[in-house]
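Pasted below: protein_5.csv, CSV, C-alpha atoms and all ligand atoms.
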```csv
chain,number,residue,atom,x,y,z
J,1,MET,CA,47.3,-155.1,-104.2
J,2,THR,CA,45.4,-158.3,-103.3
J,3,SER,CA,47.3,-161.5,-103.6
J,4,SER,CA,46.0,-164.3,-105.8
J,5,PRO,CA,46.9,-168.0,-106.0
J,6,ALA,CA,49.9,-168.7,-108.2
J,7,THR,CA,49.0,-169.9,-111.7
J,8,ALA,CA,51.8,-172.0,-113.2
J,9,GLY,CA,51.9,-171.9,-117.0
J,10,GLY,CA,48.1,-171.6,-117.0
J,11,ARG,CA,47.8,-174.9,-115.2
J,12,ASN,CA,46.2,-173.7,-112.0
J,13,GLY,CA,45.4,-176.5,-109.6
J,14,GLN,CA,47.7,-179.2,-111.0
J,15,ARG,CA,49.9,-181.1,-108.5
J,16,ILE,CA,52.7,-183.5,-109.1
J,17,VAL,CA,54.0,-185.5,-106.2
J,18,ILE,CA,57.5,-187.0,-106.3
J,19,VAL,CA,58.4,-189.8,-103.9
J,20,GLY,CA,62.1,-190.0,-103.5
J,21,ALA,CA,64.1,-186.7,-103.2
J,22,GLY,CA,67.4,-188.2,-104.1
J,23,ALA,CA,69.4,-187.1,-107.2
J,24,VAL,CA,66.6,-188.1,-109.7
J,25,GLY,CA,63.7,-186.9,-107.6
J,26,ALA,CA,65.3,-183.5,-106.8
J,27,ASP,CA,66.5,-182.9,-110.4
J,28,THR,CA,63.0,-183.9,-111.6
J,29,ALA,CA,61.4,-181.4,-109.2
J,30,TYR,CA,63.8,-178.7,-110.5
J,31,THR,CA,63.0,-179.4,-114.1
J,32,LEU,CA,59.3,-179.4,-113.5
J,33,PHE,CA,59.7,-176.1,-111.6
J,34,LEU,CA,61.7,-174.5,-114.4
J,35,ARG,CA,59.1,-175.6,-117.0
J,36,GLU,CA,56.2,-174.5,-114.7
J,37,ARG,CA,54.7,-177.9,-115.3
J,38,ALA,CA,52.3,-177.8,-112.4
J,39,THR,CA,51.0,-175.3,-109.8
J,40,GLU,CA,52.4,-177.4,-107.0
J,41,ILE,CA,55.3,-179.9,-106.8
J,42,VAL,CA,55.5,-181.9,-103.6
J,43,LEU,CA,58.6,-183.9,-102.6
J,44,ILE,CA,58.3,-186.9,-100.2
J,45,ASP,CA,61.3,-188.9,-98.9
J,46,ILE,CA,61.9,-191.2,-96.0
J,47,ASP,CA,64.6,-188.7,-95.1
J,48,ASP,CA,62.2,-185.7,-94.6
J,49,GLN,CA,65.1,-183.3,-94.0
J,50,ARG,CA,66.4,-184.1,-97.5
J,51,ALA,CA,63.0,-183.5,-99.0
J,52,ARG,CA,62.7,-180.2,-97.1
J,53,GLY,CA,66.1,-179.0,-98.1
J,54,GLU,CA,65.7,-179.8,-101.8
J,55,ALA,CA,62.3,-178.1,-101.9
J,56,LEU,CA,63.6,-175.0,-100.1
J,57,ASP,CA,66.6,-174.8,-102.4
J,58,ILE,CA,64.4,-174.8,-105.5
J,59,GLN,CA,61.8,-172.5,-104.0
J,60,HIS,CA,64.4,-169.8,-103.2
J,61,GLY,CA,64.6,-169.2,-107.0
J,62,ARG,CA,60.9,-168.7,-107.4
J,63,ALA,CA,61.1,-164.9,-107.6
J,64,LEU,CA,63.5,-165.2,-110.5
J,65,ALA,CA,62.4,-168.3,-112.3
J,66,GLY,CA,59.0,-170.0,-112.1
J,67,ALA,CA,55.6,-169.8,-110.6
J,68,SER,CA,55.4,-173.5,-109.5
J,69,ARG,CA,55.3,-173.9,-105.7
J,70,VAL,CA,57.7,-176.6,-104.5
J,71,ARG,CA,57.4,-178.0,-101.0
J,72,ALA,CA,58.1,-181.1,-98.9
J,73,GLY,CA,55.0,-183.1,-98.0
J,74,ASP,CA,53.6,-186.5,-97.0
J,75,TYR,CA,51.5,-189.2,-98.5
J,76,SER,CA,48.2,-187.3,-97.8
J,77,ASP,CA,49.4,-184.9,-100.6
J,78,CYS,CA,48.7,-187.7,-103.1
J,79,ALA,CA,45.0,-187.0,-102.5
J,80,GLY,CA,45.1,-184.0,-104.9
J,81,ALA,CA,47.8,-185.2,-107.2
J,82,ASP,CA,47.4,-185.5,-111.0
J,83,ILE,CA,50.7,-187.5,-111.3
J,84,VAL,CA,52.7,-189.3,-108.6
J,85,ILE,CA,56.3,-190.0,-109.7
J,86,ILE,CA,58.2,-192.7,-107.8
J,87,THR,CA,62.0,-192.3,-107.9
J,88,ALA,CA,62.7,-193.8,-104.4
J,89,GLY,CA,64.8,-196.8,-104.0
J,90,ALA,CA,67.9,-198.4,-102.6
J,91,ALA,CA,71.2,-198.0,-104.6
J,92,GLN,CA,73.1,-201.0,-105.7
J,93,LYS,CA,75.7,-202.1,-103.0
J,94,PRO,CA,79.2,-203.1,-104.2
J,95,GLY,CA,79.0,-206.8,-105.3
J,96,GLU,CA,75.2,-206.9,-105.1
J,97,THR,CA,73.4,-208.7,-107.9
J,98,ARG,CA,70.6,-207.1,-109.9
J,99,ASP,CA,68.2,-209.7,-108.6
J,100,ALA,CA,69.1,-208.9,-105.0
J,101,LEU,CA,68.7,-205.2,-105.7
J,102,LEU,CA,65.3,-205.9,-107.3
J,103,GLU,CA,64.2,-207.8,-104.2
J,104,ARG,CA,65.1,-204.8,-102.0
J,105,ASN,CA,63.5,-202.3,-104.3
J,106,ALA,CA,60.4,-204.4,-104.8
J,107,VAL,CA,59.7,-204.3,-101.0
J,108,ILE,CA,60.3,-200.5,-101.0
J,109,MET,CA,58.0,-200.1,-104.0
J,110,GLN,CA,55.2,-202.1,-102.5
J,111,SER,CA,55.3,-200.2,-99.3
J,112,ILE,CA,55.3,-196.8,-101.1
J,113,VAL,CA,52.4,-197.9,-103.4
J,114,ASP,CA,50.4,-199.0,-100.3
J,115,SER,CA,51.0,-195.5,-98.7
J,116,ILE,CA,50.0,-193.7,-102.0
J,117,MET,CA,46.9,-195.8,-102.7
J,118,VAL,CA,45.3,-194.7,-99.4
J,119,TYR,CA,44.9,-191.2,-100.9
J,120,LEU,CA,45.2,-191.4,-104.7
J,121,ASN,CA,42.4,-190.2,-107.0
J,122,ASP,CA,41.1,-192.6,-109.6
J,123,SER,CA,42.2,-190.3,-112.4
J,124,ALA,CA,45.8,-189.9,-111.2
J,125,ILE,CA,48.7,-191.5,-113.0
J,126,LEU,CA,51.5,-193.4,-111.3
J,127,LEU,CA,54.8,-192.8,-113.1
J,128,ILE,CA,57.7,-195.1,-112.0
J,129,ALA,CA,61.4,-194.3,-112.6
J,130,THR,CA,63.1,-196.6,-109.9
J,131,ASN,CA,65.2,-199.3,-111.5
J,132,PRO,CA,64.8,-201.9,-112.8
J,133,VAL,CA,62.1,-199.7,-114.1
J,134,ASP,CA,60.0,-202.1,-116.3
J,135,THR,CA,59.7,-204.7,-113.5
J,136,LEU,CA,59.1,-202.2,-110.7
J,137,ALA,CA,56.4,-200.5,-112.8
J,138,GLN,CA,54.8,-203.9,-113.1
J,139,ILE,CA,55.1,-204.5,-109.4
J,140,ALA,CA,53.5,-201.1,-108.8
J,141,TRP,CA,50.7,-202.0,-111.1
J,142,LEU,CA,50.1,-205.3,-109.4
J,143,ARG,CA,50.1,-203.8,-106.0
J,144,SER,CA,48.0,-200.8,-106.9
J,145,GLN,CA,45.3,-202.8,-108.7
J,146,ARG,CA,44.7,-199.8,-111.0
J,147,PRO,CA,44.2,-200.0,-114.7
J,148,ALA,CA,47.5,-200.7,-116.4
J,149,ALA,CA,47.1,-197.5,-118.6
J,150,ARG,CA,47.5,-195.4,-115.4
J,151,VAL,CA,50.7,-197.1,-114.1
J,152,ILE,CA,53.5,-196.2,-116.4
J,153,GLY,CA,57.3,-196.8,-116.3
J,154,SER,CA,59.6,-194.1,-117.7
J,155,GLY,CA,60.9,-197.0,-119.8
J,156,THR,CA,63.2,-196.3,-122.8
J,157,VAL,CA,62.1,-192.6,-123.2
J,158,LEU,CA,65.6,-191.7,-122.0
J,159,ASP,CA,67.4,-194.4,-124.1
J,160,SER,CA,65.5,-193.2,-127.2
J,161,ALA,CA,66.6,-189.6,-126.4
J,162,ARG,CA,70.2,-190.8,-126.0
J,163,LEU,CA,70.1,-192.5,-129.4
J,164,ARG,CA,68.6,-189.5,-131.1
J,165,TRP,CA,71.2,-187.3,-129.6
J,166,LEU,CA,74.0,-189.6,-130.8
J,167,LEU,CA,72.5,-189.7,-134.3
J,168,SER,CA,72.2,-185.9,-134.4
J,169,ASP,CA,76.0,-185.7,-134.3
J,170,ASP,CA,76.4,-188.2,-137.2
J,171,LEU,CA,73.6,-186.8,-139.3
J,172,LYS,CA,74.0,-183.1,-138.5
J,173,VAL,CA,70.3,-182.9,-137.9
J,174,ASP,CA,68.6,-181.5,-134.8
J,175,ALA,CA,67.9,-184.4,-132.4
J,176,ARG,CA,64.3,-183.3,-132.0
J,177,HIS,CA,63.8,-183.9,-135.8
J,178,ILE,CA,65.2,-187.5,-135.7
J,179,HIS,CA,62.6,-190.3,-135.1
J,180,ALA,CA,64.1,-193.4,-133.5
J,181,HIS,CA,62.9,-195.7,-130.8
J,182,VAL,CA,64.7,-198.0,-128.3
J,183,ILE,CA,62.3,-200.7,-127.1
J,184,GLY,CA,62.3,-203.7,-124.7
J,185,GLU,CA,64.0,-203.6,-121.3
J,186,HIS,CA,65.4,-200.3,-120.1
J,187,GLY,CA,68.8,-201.9,-119.7
J,188,ASP,CA,71.3,-204.3,-121.2
J,189,SER,CA,68.9,-206.2,-123.5
J,190,GLU,CA,67.2,-203.0,-125.0
J,191,VAL,CA,66.8,-202.9,-128.8
J,192,ALA,CA,67.3,-200.0,-131.1
J,193,VAL,CA,64.7,-200.1,-133.9
J,194,TRP,CA,66.8,-199.2,-137.0
J,195,SER,CA,64.2,-200.4,-139.5
J,196,HIS,CA,62.0,-197.4,-138.6
J,197,ALA,CA,64.6,-194.7,-137.7
J,198,ASN,CA,64.1,-191.8,-140.0
J,199,VAL,CA,64.5,-188.1,-140.7
J,200,ALA,CA,61.3,-186.6,-142.3
J,201,GLY,CA,60.4,-190.1,-143.4
J,202,ALA,CA,63.7,-190.7,-145.1
J,203,PRO,CA,65.6,-193.8,-143.7
J,204,ILE,CA,68.8,-193.3,-141.9
J,205,GLU,CA,71.7,-194.6,-144.0
J,206,LEU,CA,74.5,-195.8,-141.7
J,207,SER,CA,76.7,-198.9,-142.0
J,208,ALA,CA,75.8,-201.9,-139.8
J,209,GLY,CA,79.0,-201.3,-137.8
J,210,ARG,CA,78.1,-197.7,-137.1
J,211,ARG,CA,74.6,-198.7,-136.1
J,212,ARG,CA,76.1,-201.3,-133.7
J,213,GLN,CA,78.4,-198.6,-132.2
J,214,LEU,CA,75.6,-196.2,-131.6
J,215,ALA,CA,73.3,-198.8,-130.1
J,216,GLU,CA,76.1,-199.8,-127.7
J,217,ALA,CA,76.8,-196.2,-126.8
J,218,THR,CA,73.1,-195.7,-126.1
J,219,ARG,CA,72.9,-198.8,-124.0
J,220,ASP,CA,76.1,-198.0,-122.0
J,221,GLY,CA,75.4,-194.2,-121.7
J,222,ALA,CA,74.2,-194.5,-118.1
J,223,TYR,CA,77.4,-196.5,-117.1
J,224,GLU,CA,79.6,-193.8,-118.6
J,225,VAL,CA,77.8,-191.0,-116.7
J,226,ILE,CA,77.8,-193.0,-113.4
J,227,GLN,CA,81.5,-193.8,-113.7
J,228,ALA,CA,82.2,-190.1,-114.2
J,229,LYS,CA,79.8,-188.4,-111.7
J,230,GLY,CA,78.3,-191.2,-109.6
J,231,HIS,CA,74.7,-191.2,-110.8
J,232,THR,CA,72.5,-190.0,-113.7
J,233,SER,CA,69.8,-187.5,-113.1
J,234,TYR,CA,69.4,-184.6,-115.5
J,235,ALA,CA,68.4,-186.5,-118.6
J,236,ILE,CA,66.0,-188.8,-116.7
J,237,ALA,CA,64.5,-185.6,-115.1
J,238,VAL,CA,63.9,-184.2,-118.6
J,239,SER,CA,62.4,-187.5,-119.7
J,240,LEU,CA,60.0,-187.6,-116.7
J,241,ASP,CA,59.1,-183.9,-117.4
J,242,ARG,CA,58.4,-184.9,-121.0
J,243,ILE,CA,56.0,-187.7,-119.9
J,244,CYS,CA,54.3,-185.3,-117.4
J,245,ALA,CA,53.7,-182.8,-120.2
J,246,ALA,CA,52.2,-185.5,-122.5
J,247,ILE,CA,49.8,-186.4,-119.6
J,248,LEU,CA,48.9,-183.0,-118.3
J,249,ASN,CA,48.4,-181.4,-121.7
J,250,ASP,CA,46.6,-184.5,-123.1
J,251,GLU,CA,49.0,-184.5,-126.0
J,252,HIS,CA,48.6,-188.0,-127.4
J,253,ALA,CA,52.3,-187.9,-127.7
J,254,VAL,CA,54.2,-191.0,-128.9
J,255,LEU,CA,56.7,-192.0,-126.2
J,256,ALA,CA,58.5,-195.3,-125.5
J,257,VAL,CA,57.2,-195.7,-122.0
J,258,SER,CA,57.0,-199.0,-120.2
J,259,THR,CA,53.6,-200.5,-120.3
J,260,ARG,CA,51.8,-203.8,-119.9
J,261,LEU,CA,51.7,-205.8,-123.1
J,262,ASP,CA,48.4,-207.5,-123.5
J,263,GLY,CA,48.6,-209.1,-127.0
J,264,ALA,CA,50.7,-206.4,-128.7
J,265,TYR,CA,53.8,-207.8,-130.3
J,266,GLY,CA,52.4,-211.3,-129.6
J,267,LEU,CA,53.3,-210.8,-125.9
J,268,SER,CA,51.0,-210.8,-122.8
J,269,GLY,CA,51.3,-210.1,-119.1
J,270,VAL,CA,54.7,-208.3,-119.1
J,271,TYR,CA,55.7,-204.7,-118.8
J,272,ALA,CA,58.2,-203.6,-121.5
J,273,SER,CA,59.0,-200.4,-123.3
J,274,VAL,CA,57.3,-199.8,-126.6
J,275,PRO,CA,56.1,-196.7,-128.4
J,276,CYS,CA,52.8,-195.7,-126.8
J,277,VAL,CA,50.3,-192.8,-127.4
J,278,VAL,CA,50.3,-191.0,-124.0
J,279,GLY,CA,47.6,-188.5,-122.9
J,280,ARG,CA,45.5,-187.5,-119.9
J,281,HIS,CA,44.5,-191.0,-119.2
J,282,GLY,CA,48.0,-192.4,-119.4
J,283,VAL,CA,48.8,-195.0,-122.1
J,284,GLU,CA,46.0,-194.7,-124.6
J,285,ARG,CA,47.3,-197.3,-127.0
J,286,ILE,CA,50.4,-199.1,-128.1
J,287,VAL,CA,52.0,-198.4,-131.5
J,288,GLU,CA,52.9,-201.8,-132.9
J,289,LEU,CA,56.0,-201.4,-135.2
J,290,PRO,CA,56.5,-204.1,-137.8
J,291,LEU,CA,60.0,-205.1,-136.7
J,292,ASP,CA,62.5,-206.8,-139.0
J,293,THR,CA,63.6,-210.4,-138.2
J,294,ALA,CA,66.7,-209.4,-136.1
J,295,GLU,CA,64.8,-206.7,-134.2
J,296,HIS,CA,61.9,-209.1,-133.5
J,297,GLU,CA,64.3,-211.8,-132.2
J,298,ALA,CA,66.1,-209.3,-130.0
J,299,PHE,CA,62.9,-207.8,-128.7
J,300,MET,CA,61.5,-211.3,-127.8
J,301,HIS,CA,64.8,-212.1,-126.0
J,302,SER,CA,64.4,-208.8,-124.0
J,303,ALA,CA,60.8,-209.6,-123.2
J,304,GLU,CA,61.7,-213.1,-122.1
J,305,LEU,CA,64.2,-211.6,-119.6
J,306,LEU,CA,61.5,-209.3,-118.3
J,307,GLN,CA,59.1,-212.2,-118.0
J,308,GLN,CA,61.7,-214.2,-115.9
J,309,ARG,CA,62.3,-211.2,-113.7
J,310,ILE,CA,58.7,-210.5,-112.9
J,311,ALA,CA,57.8,-214.2,-112.4
J,312,PRO,CA,58.5,-214.4,-108.6
J,313,PHE,CA,56.2,-211.4,-108.0
J,314,ALA,CA,53.3,-212.1,-110.4
N,401,LIG,P1,69.3,-191.7,-104.5
N,401,LIG,O1,69.9,-192.7,-103.6
N,401,LIG,O2,70.0,-190.4,-104.7
N,401,LIG,O3,67.8,-191.4,-104.0
N,401,LIG,C1,66.9,-192.3,-103.6
N,401,LIG,C2,66.0,-191.7,-102.6
N,401,LIG,O4,65.0,-192.6,-102.2
N,401,LIG,C3,66.8,-191.3,-101.3
N,401,LIG,O5,66.6,-189.9,-101.0
N,401,LIG,C4,66.1,-192.2,-100.2
N,401,LIG,O6,66.1,-191.5,-98.9
N,401,LIG,C5,64.8,-192.4,-100.8
N,401,LIG,N1,64.0,-193.5,-100.3
N,401,LIG,C6,64.5,-194.8,-100.1
N,401,LIG,N2,63.6,-195.6,-99.5
N,401,LIG,C7,62.4,-194.8,-99.4
N,401,LIG,C8,61.1,-195.0,-99.0
N,401,LIG,N3,60.7,-196.2,-98.5
N,401,LIG,N4,60.3,-194.0,-99.0
N,401,LIG,C9,60.6,-192.8,-99.5
N,401,LIG,N5,61.9,-192.5,-99.9
N,401,LIG,C10,62.8,-193.5,-99.9
N,401,LIG,O7,69.1,-192.4,-105.9
N,401,LIG,P2,68.8,-191.7,-107.3
N,401,LIG,O8,70.1,-191.5,-108.0
N,401,LIG,O9,67.9,-190.6,-107.2
N,401,LIG,O10,68.1,-192.9,-108.2
N,401,LIG,C11,66.8,-193.3,-107.8
N,401,LIG,C12,66.3,-194.4,-108.7
N,401,LIG,O11,66.1,-193.9,-110.0
N,401,LIG,C13,67.3,-195.6,-108.7
N,401,LIG,O12,66.6,-196.8,-108.7
N,401,LIG,C14,68.0,-195.4,-110.1
N,401,LIG,O13,68.5,-196.6,-110.6
N,401,LIG,C15,66.8,-194.9,-110.9
N,401,LIG,N6,67.1,-194.2,-112.2
N,401,LIG,C16,66.2,-194.5,-113.2
N,401,LIG,C17,66.5,-194.0,-114.4
N,401,LIG,C18,65.5,-194.4,-115.6
N,401,LIG,O14,65.8,-194.1,-116.7
N,401,LIG,N7,64.4,-195.1,-115.2
N,401,LIG,C19,67.5,-193.1,-114.6
N,401,LIG,C20,68.3,-192.8,-113.6
N,401,LIG,C21,68.1,-193.3,-112.3
```
Taking this structure as input, can you express it in the form of structure tokens?
Amino acid sequence: MTSSPATAGGRNGQRIVIVGAGAVGADTAYTLFLRERATEIVLIDIDDQRARGEALDIQHGRALAGASRVRAGDYSDCAGADIVIITAGAAQKPGETRDALLERNAVIMQSIVDSIMVYLNDSAILLIATNPVDTLAQIAWLRSQRPAARVIGSGTVLDSARLRWLLSDDLKVDARHIHAHVIGEHGDSEVAVWSHANVAGAPIELSAGRRRQLAEATRDGAYEVIQAKGHTSYAIAVSLDRICAAILNDEHAVLAVSTRLDGAYGLSGVYASVPCVVGRHGVERIVELPLDTAEHEAFMHSAELLQQRIAPFA
């Protein structure tokens, strides 16, 4: 029998490169592999042994699981990539402030983007997950000089999923059938948009106190996991896979990714997470939700924090 090149889920020829083979990068590669999201998944890390080990470990299951080829590579692999996901970064040191961490990760992000841009196709999408994700996505966009539509942060896709999961318990409705968005910063100032949360168009009837509890549990979800196991990785991996699916399948899916606001919500020149229509060309358009007064104020506060954070780099 003659051998033929692998076709992964009918997506022959598609390549996703992941820069950063730590917990998030490796679990993202594994998720993409199980879902057969691309023909080839390439892991790059400054620690090339780590990238090689993670790729091999996943690849050993190929006969039993999926057709996607997973391997370690280098920046020249970005030449054929449809999507480059960046999860690389320094972890917060004990006692280190967020601003100090941002400074370190900004330097790392700029050097990675420089290495990627030598090879990247015009049509490829840069997808950023490293934290603080909204600001680092904006730094990647500034450095890459690509259209903002093609430089996306994973934003509050994960936070929105956490909120929908929490709501599914209260409402006894499948989380996939609950519509609810978290917007603003992926972080402490994020905003749950209750005025538009619904099931089949019907508003979600919960007391103000319960809404506050669920919004806080959503916001603090990452802290809870980090305290228990040291890092978060599975749910962000599924979130990144979801965004990749929207791009590769040209789904025009509505996802709360981080994007550059250019007039939407009365804001300009800042990356923040809002519901966006996502397809093959990245962010196709922003969905502008008519927020109630409290949500609008909270969103403006969150955007102001993001403006302050990006100011030294803009
Ligand atoms: P990790 O420490 O396990 O992995 C980071 C990896 O980056 C390491 O393997 C390291 O060698 C690599 N790296 C560092 N500098 C590099 C460089 N210059 N070039 C190539 N590789 C480099 O960390 P993690 O748990 O995988 O988290 C990664 C990032 O993802 C963190 O910033 C974390 O906060 C973020 N994160 C984001 C979300 C989200 O919702 N956006 C969720 C979870 C984690």
Kindly provide, as an NGL selection string, all nucleotide and amino acid residues lying within 6 Å of ligand LIG 401 (chain N), counting all atoms listed in the file. :J and (19-25 or 45-47 or 87-91 or 108 or 129-131 or 133 or 154 or 158 or 231-233 or 236)
Excluding same-chain residues fewer than 3 positions from stretch 268-272 of chain J, what lies within 8 Å of it counting all atoms listed in the file, as a compact mmCIF listing (two decimals) with C-alpha atoms, in the coordinates of the input?
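File produced: selection.txt:
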```txt
# COMPACT_ATOMS: atom_id res chain seq x y z
CA ASP J 134 60.00 -202.10 -116.30
CA THR J 135 59.70 -204.70 -113.50
CA ALA J 137 56.40 -200.50 -112.80
CA GLN J 138 54.80 -203.90 -113.10
CA GLY J 155 60.90 -197.00 -119.80
CA ILE J 183 62.30 -200.70 -127.10
CA GLY J 184 62.30 -203.70 -124.70
CA GLU J 185 64.00 -203.60 -121.30
CA VAL J 257 57.20 -195.70 -122.00
CA SER J 258 57.00 -199.00 -120.20
CA THR J 259 53.60 -200.50 -120.30
CA ARG J 260 51.80 -203.80 -119.90
CA LEU J 261 51.70 -205.80 -123.10
CA ASP J 262 48.40 -207.50 -123.50
CA GLY J 263 48.60 -209.10 -127.00
CA ALA J 264 50.70 -206.40 -128.70
CA ALA J 303 60.80 -209.60 -123.20
CA LEU J 306 61.50 -209.30 -118.30
CA GLN J 307 59.10 -212.20 -118.00
CA ILE J 310 58.70 -210.50 -112.90
```
Which residues are close to J:Val107, i.e. within 12 Å by only C-alpha atoms, leaving aside same-chain residues fewer than 4 positions away? Reply as a compact mmCIF listing (two decimals) with C-alpha atoms, in the coordinates of the input.
```txt
# COMPACT_ATOMS: atom_id res chain seq x y z
CA ALA J 88 62.70 -193.80 -104.40
CA GLY J 89 64.80 -196.80 -104.00
CA ALA J 90 67.90 -198.40 -102.60
CA ALA J 100 69.10 -208.90 -105.00
CA LEU J 101 68.70 -205.20 -105.70
CA LEU J 102 65.30 -205.90 -107.30
CA GLU J 103 64.20 -207.80 -104.20
CA SER J 111 55.30 -200.20 -99.30
CA ILE J 112 55.30 -196.80 -101.10
CA VAL J 113 52.40 -197.90 -103.40
CA ASP J 114 50.40 -199.00 -100.30
CA LEU J 136 59.10 -202.20 -110.70
CA ILE J 139 55.10 -204.50 -109.40
CA ALA J 140 53.50 -201.10 -108.80
CA ARG J 143 50.10 -203.80 -106.00
CA PHE J 313 56.20 -211.40 -108.00
```
Pick the closest to J:His281 from J:Cys78, J:Ile41, J:Val151, J:Leu171: which is it, counting all atoms listed in the file?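 Among the listed residues, J:Val151 lies closest to J:His281.
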Could you state the separation of atom CA of J:Asn121 and atom CA of J:Met109 in Å, given to one decimal place? 18.7 Å
Go ahead and find all residues with at least one atom no further than 12 Å from (63.5, -177.9, -110.7) in the file's coordinates, using all atoms listed in the file; report them as a count of residues only. 44
Would you list the residues near (64.1, -188.0, -133.7), meaning any protein, DNA or RNA residue with an atom at most 9 Å from that point in file coordinates, counting all atoms listed in the file, as number ranges by chain? J: 160-161, 163-165, 167-168, 174-181, 197-199
Which residue is closest to J:Ala256? Choose from J:Ala192, J:Ala311, J:Val182, J:Leu127 and count all atoms listed in the file. J:Val182
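Between J:Arg210 and the residues J:Tyr119, J:Trp194, J:Tyr75, J:Tyr265, the shortest atom-to-atom distance, using all atoms listed in the file, involves J:Trp194.
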Atomic distance atom CA of J:Ile16 - atom CA of J:Val274, expressed in Å with one decimal: 24.4 Å
What gap, in Å, lies between atom CA of J:Thr156 and atom CA of J:Ala253?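 Between atom CA of J:Thr156 and atom CA of J:Ala253 the gap is 14.6 Å.
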Nearest to J:Leu142, chosen from J:Arg212, J:Ala106, J:Pro290, J:Gly80, with all atoms listed in the file counted in the distances: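 Going through J:Arg212, J:Ala106, J:Pro290, J:Gly80 one by one, the smallest distance to J:Leu142 is for J:Ala106.
Among the candidates J:Asn249, J:Thr218, J:Gln92, J:Ser302, the one nearest to J:Val278 when counting all atoms listed in the file is J:Asn249.
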Determine the nearest neighbour of J:Ile44 from the options J:Ser195, J:Ser144, J:Gln110, J:Ser76, counting all atoms listed in the file.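 Comparing J:Ser195, J:Ser144, J:Gln110, J:Ser76 against J:Ile44, the winner is J:Ser76.
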